[in-house]
Each structure stands twice: as C-alpha cells, then as structure tokens.
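Enquirer: Before anything else, here's the structure in question.
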Amino acid sequence: MPTKSSSSRTAGSAALAVALLAASGLATAGEHGRALRAPALPAYTQECGSCHVAYPPGLLPAASWQRLMGNLSHHFGTDASLDAPAQQSIATWLQANAGSYRRVREAPPADRITRSAWFTREHDEVPAAAWKAAAVKSPSNCSACHAQAEQGDFNEHNVRIPR
C-alpha cells in the first residue's frame, strides 16, 4: 500500500502532467485542430522557437520535417545545426506528430508552410501590403497577427492584423 506522501506525489505528478499537456495543447479551430495537438517537446520549443515560432508539427507532413531536419546547416539561408542527440530527439518527435490529415498530406513547395495550398487559401484575404508592414515583415511571422501563435492557437476569430 502506498504511503500518504508517495500517493500525494503520484497525484501531484499526474496533475502536473495533465496541466503541462493542457498548456502545451495546440488549441485551434477547424478540421486540423485535433491534428495540431501534440505534447510539447522542450528541446523543440527552445531550439526552433529561439528564431521563429515553434510551428506545430501537424502543419507539415513527415517527409517535409525529415528534409528540414536533414538539412539544418542550410535552413532557409541560416545554419541551424544542432548536436546529434538534440537533432535526433527533435526529428523523432516531429515525425511522430507530423500532419497526416487531408490538408497537409502533400509537401508544400520548398517545405515552406507559407507556400502550402491551405496556407494560401486561409490567408487569401490578407492584403499584400500587410505582409510588408514593419510589424509583420513576412507570412512566416505568425505571431504578428496570431497573438496566441506561441501556444499553437491560430483561430481566425482571434486574428489582429497590425496596421
């Protein structure tokens, strides 16, 4: 029979795990909402999120993530190389949580989320000038318009395009 302190620790650990999963869950509406929910991987958030939004792995198919992780020394014009254990850990997590639903089955041109057909459709009403605004700079700067992008919330009802 567990002691009071060990059962308290177990309950506390379980509550913490649930809270962490809830906090890391990617809340978004629409067809792909469930597909974007993935348990957070601190190494991914730290390494990839240090330069850009740590994009939900469900936004790209596994093949895209494999190519991106296999070519980090030339990551969109930047050397984003990682040590082997970190690269393997992140690559494995991305593969396990990659998008497999209808919208992301096919890799977008150059494995760029912003060049995918679904991204283009979702953002077709955004004026070209908005992408060039100083507060936005490019379509890959999700958090400029999606205030909750860091939490994986891309709900269109919460979008605020800077002027």
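Every chain in the structure tokens has a letter given in the order shown (A, B, ...), and although residue numbers restart at 1 in each chain, ligands are simply numbered from 1 in the order shown.
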Excluding Pro139 of chain A and residues on its chain fewer than 3 positions from it, collect all residues at most 12 Å away from it, counting only C-alpha atoms, and give them as a PyMOL selection string.
Expert: chain A and resi 52-53+112-116+119-120+122-124+126-133+135-136+142-146+161
Enquirer: Taking the DSSP secondary structure from the backbone, can you list the residues of segment 21-127 of chain A that are helix (DSSP H, G or I), as number ranges by chain?
Expert: A: 21-24, 33-36, 42-48, 57-59, 62-70, 72-74, 84-97, 102-104, 109-111, 113-115, 117-122
Enquirer: Expressed in Å to a single decimal, how great is the separation between atom CA of Cys48 of chain A and atom CA of Ala107 of chain A?
Expert: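 Interatomic distance, atom CA of Cys48 of chain A to atom CA of Ala107 of chain A: 19.8 Å.
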Enquirer: Compare A:Gln95, A:Asp79, A:Tyr101, A:Leu41 by their minimum atom-to-atom distance to Ala54 of chain A, counting only C-alpha atoms, and give me the closest one.
Expert: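 Using only C-alpha atoms, Ala54 of chain A sits closest to A:Leu41.
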